[in-house]
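K.L.:
Got a structure for you, written out below as structure tokens; questions coming shortly.
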Amino acid sequence: MFPINETMGQYSELFMLLAAGTYTVAFIAFAWDLAKSSKMLRAVDLKAAAVAGTTAGSVKVPVGAGVGAGSAAGTVDRADSDVAGPVGRAERPTSSVSGSAPGSSAGIGQTADGGMRYGAERRVPARVAVALTVLGAAIHAAGVITRALGAGRVPWGNMYEFLTTGAFVAVAVFLLVLIRRDLRFLGTFVIGLAIIMLVAASVAFWTPVGHLVPALQSYWLIIHVSIAVMSSALFTLTFAMSALQLLQSHRQRVVAAGGGDKLGFMRLVPSALSLENLSYRINAIAFIGWTFTLMFGAIWAEKAWGRFWGWDTKEVWTFVIWVVYAGYLHARATRGWTGTRAAWLSIVGYLCVVFNFTIVNQFFNGLHSYSGL
């Protein structure tokens, strides 16, 4: 074990502070993008309504005003996956989702592309927000690395290190997915969660740089905890998607019923079904990772304590999380649990993850208590 370098630990804390500040500015930029785009779309709607009222013999449907004539007649529009992209979001509504029942409201009031692909539109605040997020992630990475150098080990030995590393991985995964999918609408939620994690780590769980207890001085720490961090980061993304899905589903029902659109910024978010489908795919990948987390944790327990399973509180809740997400995947795939029920089950799973890494670690005694994990 390398000697502790307190100076590197201090540099790490400074980098974490700078990263939190940069993320805060990025959060504001993402929120500004939603507000500005929503205002622009409302202006386009008003203009389209004025044109429709003054042009004789023709009717121009405002963006996201409601179901088109084809839907009203019982026909289904093109699938979201066939939409060319979010080009001209302010000029046309997005079509309904493939597989929707005739007359369904899957695409009602939408301007975002269900395929979540990039278009040619130039949303300056969103681009600035992404650039700031990349800068914040680079600073955050420096904080994680200097923490590791200061401790002479991987920085996953306590709650402070787990939260700071977990926040970085969540942001990094978000940025990686942005390469293929236009998930900028998730920026406010993902960056907001990262800020909360960094603040909680610094305020409630701060721990000075130190050595690990003998039971944690194992290569299984790298294997077990790294997979747990990655899986938790993916669960964070699906939690944000599921929360947006519930908002979008409620909004679509209100718009379909002829009510006012009080959540205009949600028009930049794909339909509830598109969010649900992507969330399901990511949850499936995260569930595989969590399965390996459970398996490798059991192997590590046998190496450290001489048994694979001992009904320790941490072990039990790790298994509870596995059961919840297994139930979510099974219910959605075979029992028809779609829509809001699937979203709520996904949210419950993430709340179990949060409970496991906060309440269980702080208030339940067990073999994992000394590690802070």
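Ligands are numbered from 1 in the order shown, chains are lettered A, B, ... in the order of the structure tokens, and residues start at 1 in each chain.
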If we count only C-alpha atoms and set the cut-off at 7 Å, which residues sit around stretch 273-282 of chain A, ignoring sequence neighbours fewer than 2 positions away in its own chain? Please answer as a list in words.

P.N.:
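Residues near the query, excluding close chain neighbours: Ala106, Gly114, Leu234, Thr238, Met241, Ser242, Gln245, Pro270, Ser271, Ala284, Ile285 and Ala286 of chain A.
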
K.L.:
Nearest to A:Val177 among A:Ala31, A:Ala326, A:Val25, A:Leu237, with distances taken over only C-alpha atoms: which residue is it?

P.N.:
A:Leu237

K.L.:
Just asking: which residues within stretch 152-276 of chain A are helix (DSSP H, G or I) according to DSSP, as a ChimeraX atom specification?

P.N.:
/A:159-178,184-203,214-216,219-256,264-268,272-276

K.L.:
Counting only C-alpha atoms, which of A:Val229, A:Ile196, A:Ile139, A:Leu178 gets nearest to A:Pro155?

P.N.:
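The closest residue to A:Pro155 is A:Val229.
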
K.L.:
One decimal, in Å: what's the spacing between atom CA of A:Ala331 and atom CA of A:Ile347?

P.N.:
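Here the two named atoms are 14.4 Å from each other.
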
K.L.:
Using only C-alpha atoms, which protein or nucleic acid residues come within 9 Å of A:Leu216? Drop anything in the same chain fewer than 4 positions from it, and give the result as number ranges by chain.

P.N.:
A: 157, 212, 220-221, 304, 371

K.L.:
Please produce an output containing all heavy atoms for each residue in the selection, written as a short mmCIF file (atom, residue, chain, number, x, y, z; two decimals), in the first residue's frame.

P.N.:
data_model
loop_
_atom_site.label_atom_id
_atom_site.label_comp_id
_atom_site.auth_asym_id
_atom_site.auth_seq_id
_atom_site.Cartn_x
_atom_site.Cartn_y
_atom_site.Cartn_z
N GLY A 157 -13.60 3.35 -1.41
CA GLY A 157 -13.52 2.72 -0.11
C GLY A 157 -14.50 3.20 0.93
O GLY A 157 -14.56 2.65 2.03
N LEU A 212 -7.56 1.39 3.56
CA LEU A 212 -8.70 0.50 3.73
C LEU A 212 -8.42 -0.52 4.82
O LEU A 212 -7.27 -0.86 5.09
CB LEU A 212 -8.97 -0.25 2.41
CG LEU A 212 -9.40 0.59 1.21
CD1 LEU A 212 -9.53 -0.32 -0.01
CD2 LEU A 212 -10.71 1.31 1.49
N TRP A 220 -11.07 -7.84 -5.53
CA TRP A 220 -12.52 -7.92 -5.70
C TRP A 220 -13.18 -6.56 -5.46
O TRP A 220 -14.30 -6.32 -5.93
CB TRP A 220 -13.11 -8.96 -4.76
CG TRP A 220 -12.88 -10.36 -5.23
CD1 TRP A 220 -12.03 -11.28 -4.71
CD2 TRP A 220 -13.52 -10.99 -6.35
NE1 TRP A 220 -12.08 -12.45 -5.43
CE2 TRP A 220 -12.98 -12.30 -6.45
CE3 TRP A 220 -14.47 -10.59 -7.29
CZ2 TRP A 220 -13.38 -13.20 -7.43
CZ3 TRP A 220 -14.86 -11.48 -8.27
CH2 TRP A 220 -14.32 -12.76 -8.34
N LEU A 221 -12.51 -5.67 -4.75
CA LEU A 221 -13.05 -4.32 -4.58
C LEU A 221 -13.19 -3.63 -5.92
O LEU A 221 -14.22 -3.00 -6.20
CB LEU A 221 -12.12 -3.50 -3.66
CG LEU A 221 -12.48 -2.01 -3.50
CD1 LEU A 221 -13.78 -1.86 -2.73
CD2 LEU A 221 -11.35 -1.26 -2.79
N ALA A 304 -13.49 -13.20 2.02
CA ALA A 304 -13.19 -12.37 3.19
C ALA A 304 -13.73 -12.96 4.48
O ALA A 304 -13.07 -12.86 5.53
CB ALA A 304 -13.78 -10.97 2.97
N SER A 371 -17.04 -0.09 6.04
CA SER A 371 -16.55 0.39 4.77
C SER A 371 -17.25 1.65 4.30
O SER A 371 -16.75 2.36 3.44
CB SER A 371 -16.75 -0.69 3.68
OG SER A 371 -18.12 -0.89 3.45
#

K.L.:
Might you pull out every residue within 9 Å of A:Ser37, with only C-alpha atoms counted and same-chain residues fewer than 5 positions away left off, and present them as a PyMOL selection string?

P.N.:
chain A and resi 32+42+123+264-265+268

K.L.:
Excluding same-chain residues fewer than 5 positions from A:Leu193, what lies within 12 Å of it counting only C-alpha atoms, as an MDAnalysis selection string?

P.N.:
chainID A and resid 20 23:24 27 163:164 166:171 174 186:188 198:200 233 235:237 239:240 354

K.L.:
Restricting it to N, CA, C and O atoms, dump the selection as a short mmCIF file (atom, residue, chain, number, x, y, z; two decimals), in the first residue's frame.

P.N.:
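In the end it all went to part14.cif:
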data_model
loop_
_atom_site.label_atom_id
_atom_site.label_comp_id
_atom_site.auth_asym_id
_atom_site.auth_seq_id
_atom_site.Cartn_x
_atom_site.Cartn_y
_atom_site.Cartn_z
N ALA A 20 -18.50 20.77 -9.14
CA ALA A 20 -19.86 21.08 -8.71
C ALA A 20 -20.29 22.46 -9.21
O ALA A 20 -21.43 22.65 -9.66
N TYR A 23 -20.94 22.16 -12.99
CA TYR A 23 -22.20 21.46 -13.21
C TYR A 23 -23.40 22.38 -12.92
O TYR A 23 -24.43 22.30 -13.60
N THR A 24 -23.25 23.23 -11.92
CA THR A 24 -24.35 24.15 -11.59
C THR A 24 -24.65 25.10 -12.75
O THR A 24 -25.81 25.33 -13.10
N PHE A 27 -26.30 23.11 -15.40
CA PHE A 27 -27.69 22.88 -15.02
C PHE A 27 -28.56 24.09 -15.40
O PHE A 27 -29.66 23.93 -15.96
N LEU A 163 -19.93 8.12 -3.72
CA LEU A 163 -20.81 9.15 -4.26
C LEU A 163 -20.11 10.00 -5.32
O LEU A 163 -20.68 10.29 -6.37
N THR A 164 -18.88 10.42 -5.03
CA THR A 164 -18.17 11.26 -6.00
C THR A 164 -17.86 10.48 -7.28
O THR A 164 -18.02 11.02 -8.39
N GLY A 166 -19.53 7.77 -8.28
CA GLY A 166 -20.81 7.46 -8.90
C GLY A 166 -21.38 8.63 -9.68
O GLY A 166 -21.93 8.45 -10.78
N ALA A 167 -21.25 9.84 -9.14
CA ALA A 167 -21.71 11.03 -9.85
C ALA A 167 -20.94 11.21 -11.15
O ALA A 167 -21.52 11.55 -12.19
N PHE A 168 -19.63 10.98 -11.10
CA PHE A 168 -18.82 11.12 -12.32
C PHE A 168 -19.25 10.10 -13.37
O PHE A 168 -19.39 10.43 -14.56
N VAL A 169 -19.44 8.85 -12.96
CA VAL A 169 -19.82 7.81 -13.92
C VAL A 169 -21.19 8.12 -14.52
O VAL A 169 -21.41 7.92 -15.73
N ALA A 170 -22.14 8.62 -13.71
CA ALA A 170 -23.46 8.97 -14.23
C ALA A 170 -23.35 10.04 -15.31
O ALA A 170 -23.99 9.95 -16.37
N VAL A 171 -22.56 11.07 -15.06
CA VAL A 171 -22.38 12.14 -16.04
C VAL A 171 -21.65 11.61 -17.27
O VAL A 171 -22.01 11.93 -18.42
N PHE A 174 -24.00 9.60 -19.39
CA PHE A 174 -24.90 10.54 -20.07
C PHE A 174 -24.22 11.15 -21.30
O PHE A 174 -24.81 11.21 -22.38
N LEU A 186 -32.60 15.39 -20.98
CA LEU A 186 -32.33 14.78 -19.67
C LEU A 186 -31.27 15.55 -18.88
O LEU A 186 -31.04 15.25 -17.72
N GLY A 187 -30.63 16.53 -19.52
CA GLY A 187 -29.51 17.22 -18.90
C GLY A 187 -29.83 17.82 -17.55
O GLY A 187 -29.08 17.67 -16.59
N THR A 188 -30.98 18.51 -17.47
CA THR A 188 -31.36 19.15 -16.21
C THR A 188 -31.47 18.14 -15.08
O THR A 188 -31.01 18.39 -13.95
N LEU A 198 -22.75 15.20 -5.27
CA LEU A 198 -21.50 15.85 -4.85
C LEU A 198 -21.69 16.64 -3.56
O LEU A 198 -20.83 16.62 -2.68
N VAL A 199 -22.82 17.34 -3.46
CA VAL A 199 -23.08 18.11 -2.24
C VAL A 199 -23.24 17.17 -1.04
O VAL A 199 -22.70 17.42 0.04
N ALA A 200 -23.99 16.08 -1.24
CA ALA A 200 -24.18 15.12 -0.15
C ALA A 200 -22.84 14.51 0.27
O ALA A 200 -22.58 14.32 1.47
N ALA A 233 -25.20 4.07 -12.12
CA ALA A 233 -25.24 5.20 -13.04
C ALA A 233 -26.31 5.00 -14.10
O ALA A 233 -27.06 5.93 -14.44
N PHE A 235 -28.98 3.08 -13.75
CA PHE A 235 -30.27 3.20 -13.05
C PHE A 235 -30.64 4.67 -12.84
O PHE A 235 -31.83 5.02 -12.83
N THR A 236 -29.64 5.52 -12.66
CA THR A 236 -29.91 6.95 -12.50
C THR A 236 -30.52 7.52 -13.77
O THR A 236 -31.47 8.32 -13.72
N LEU A 237 -29.98 7.13 -14.93
CA LEU A 237 -30.54 7.60 -16.20
C LEU A 237 -31.97 7.13 -16.38
O LEU A 237 -32.85 7.90 -16.78
N PHE A 239 -34.07 6.30 -14.08
CA PHE A 239 -34.94 6.98 -13.11
C PHE A 239 -35.39 8.32 -13.69
O PHE A 239 -36.58 8.67 -13.61
N ALA A 240 -34.46 9.08 -14.26
CA ALA A 240 -34.82 10.36 -14.86
C ALA A 240 -35.80 10.17 -16.01
O ALA A 240 -36.78 10.92 -16.15
N VAL A 354 -31.15 3.98 -3.79
CA VAL A 354 -30.82 5.13 -2.94
C VAL A 354 -30.89 4.73 -1.46
O VAL A 354 -30.01 5.07 -0.66
#

K.L.:
Expressed in Å to a single decimal, how great is the separation between atom CA of A:Ser249 and atom CA of A:Phe185?

P.N.:
15.9 Å

K.L.:
Using atom CA of A:Ala342 and atom CA of A:Ala243 as the two end points, give the distance in Å to one decimal.

P.N.:
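Atom CA of A:Ala243 lies 11.0 Å from atom CA of A:Ala342.
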
K.L.:
Using only C-alpha atoms, which of the listed residues (A:Ile191, A:Leu329, A:Ile359, A:Val173) sits closest to A:Ser231?

P.N.:
A:Val173

K.L.:
Do a neighbour search on A:Met8 at 9 Å with only C-alpha atoms, toss out local chain neighbours closer than 3 positions, and write the hits as number ranges by chain.

P.N.:
A: 4-5, 11-13, 146-151

K.L.:
For the selection you just gave me, I'd like the residues written to a file as a PDB file, in the first residue's frame, keeping N, CA, C and O atoms.

P.N.:
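Below you can see part24.pdb, which holds the result:
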ATOM      1  N   ILE A   4      -0.076   7.601   2.289  1.00  0.00           N
ATOM      2  CA  ILE A   4      -1.166   8.559   2.053  1.00  0.00           C
ATOM      3  C   ILE A   4      -0.584   9.918   1.702  1.00  0.00           C
ATOM      4  O   ILE A   4       0.318  10.406   2.365  1.00  0.00           O
ATOM      5  N   ASN A   5      -1.097  10.524   0.650  1.00  0.00           N
ATOM      6  CA  ASN A   5      -0.668  11.840   0.217  1.00  0.00           C
ATOM      7  C   ASN A   5      -1.805  12.818   0.493  1.00  0.00           C
ATOM      8  O   ASN A   5      -2.763  12.911  -0.279  1.00  0.00           O
ATOM      9  N   TYR A  11      -6.163  18.507  -3.187  1.00  0.00           N
ATOM     10  CA  TYR A  11      -6.398  18.854  -4.595  1.00  0.00           C
ATOM     11  C   TYR A  11      -7.700  18.213  -5.088  1.00  0.00           C
ATOM     12  O   TYR A  11      -8.473  18.823  -5.843  1.00  0.00           O
ATOM     13  N   SER A  12      -7.934  16.984  -4.655  1.00  0.00           N
ATOM     14  CA  SER A  12      -9.155  16.288  -5.056  1.00  0.00           C
ATOM     15  C   SER A  12     -10.398  17.040  -4.591  1.00  0.00           C
ATOM     16  O   SER A  12     -11.358  17.219  -5.353  1.00  0.00           O
ATOM     17  N   GLU A  13     -10.385  17.493  -3.347  1.00  0.00           N
ATOM     18  CA  GLU A  13     -11.533  18.230  -2.828  1.00  0.00           C
ATOM     19  C   GLU A  13     -11.749  19.534  -3.595  1.00  0.00           C
ATOM     20  O   GLU A  13     -12.884  19.943  -3.852  1.00  0.00           O
ATOM     21  N   THR A 146      -7.073  12.271  -8.548  1.00  0.00           N
ATOM     22  CA  THR A 146      -6.201  12.749  -7.469  1.00  0.00           C
ATOM     23  C   THR A 146      -6.570  12.109  -6.135  1.00  0.00           C
ATOM     24  O   THR A 146      -5.700  11.878  -5.291  1.00  0.00           O
ATOM     25  N   ARG A 147      -7.848  11.813  -5.945  1.00  0.00           N
ATOM     26  CA  ARG A 147      -8.250  11.086  -4.736  1.00  0.00           C
ATOM     27  C   ARG A 147      -7.615   9.698  -4.724  1.00  0.00           C
ATOM     28  O   ARG A 147      -7.120   9.235  -3.681  1.00  0.00           O
ATOM     29  N   ALA A 148      -7.624   9.048  -5.888  1.00  0.00           N
ATOM     30  CA  ALA A 148      -7.025   7.718  -5.980  1.00  0.00           C
ATOM     31  C   ALA A 148      -5.517   7.781  -5.739  1.00  0.00           C
ATOM     32  O   ALA A 148      -4.953   6.935  -5.032  1.00  0.00           O
ATOM     33  N   LEU A 149      -4.863   8.801  -6.309  1.00  0.00           N
ATOM     34  CA  LEU A 149      -3.418   8.948  -6.117  1.00  0.00           C
ATOM     35  C   LEU A 149      -3.092   9.264  -4.658  1.00  0.00           C
ATOM     36  O   LEU A 149      -2.101   8.781  -4.111  1.00  0.00           O
ATOM     37  N   GLY A 150      -3.928  10.077  -4.034  1.00  0.00           N
ATOM     38  CA  GLY A 150      -3.700  10.425  -2.643  1.00  0.00           C
ATOM     39  C   GLY A 150      -3.848   9.238  -1.715  1.00  0.00           C
ATOM     40  O   GLY A 150      -3.098   9.095  -0.738  1.00  0.00           O
ATOM     41  N   ALA A 151      -4.821   8.363  -2.020  1.00  0.00           N
ATOM     42  CA  ALA A 151      -5.050   7.190  -1.173  1.00  0.00           C
ATOM     43  C   ALA A 151      -4.179   6.005  -1.573  1.00  0.00           C
ATOM     44  O   ALA A 151      -4.039   5.052  -0.799  1.00  0.00           O
TER      45      ALA A 151
END

K.L.:
Using only C-alpha atoms, which residue out of A:Trp305, A:Trp206, A:Phe15, A:Tyr350 lies closest to A:Ala138?

P.N.:
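Of A:Trp305, A:Trp206, A:Phe15, A:Tyr350, the one nearest A:Ala138 is A:Phe15, counting only C-alpha atoms.
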
K.L.:
Using only C-alpha atoms, which residue out of A:Pro125, A:Gly306, A:Gly297, A:Gly136 lies closest to A:Leu18?

P.N.:
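Closest to A:Leu18 of all the choices is A:Gly136.
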
K.L.:
Which of these residues is nearest to A:Phe30, using only C-alpha atoms: A:His224, A:His140, A:Arg332, A:Arg184?

P.N.:
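Nearest candidate to A:Phe30 out of A:His224, A:His140, A:Arg332, A:Arg184: A:Arg184.
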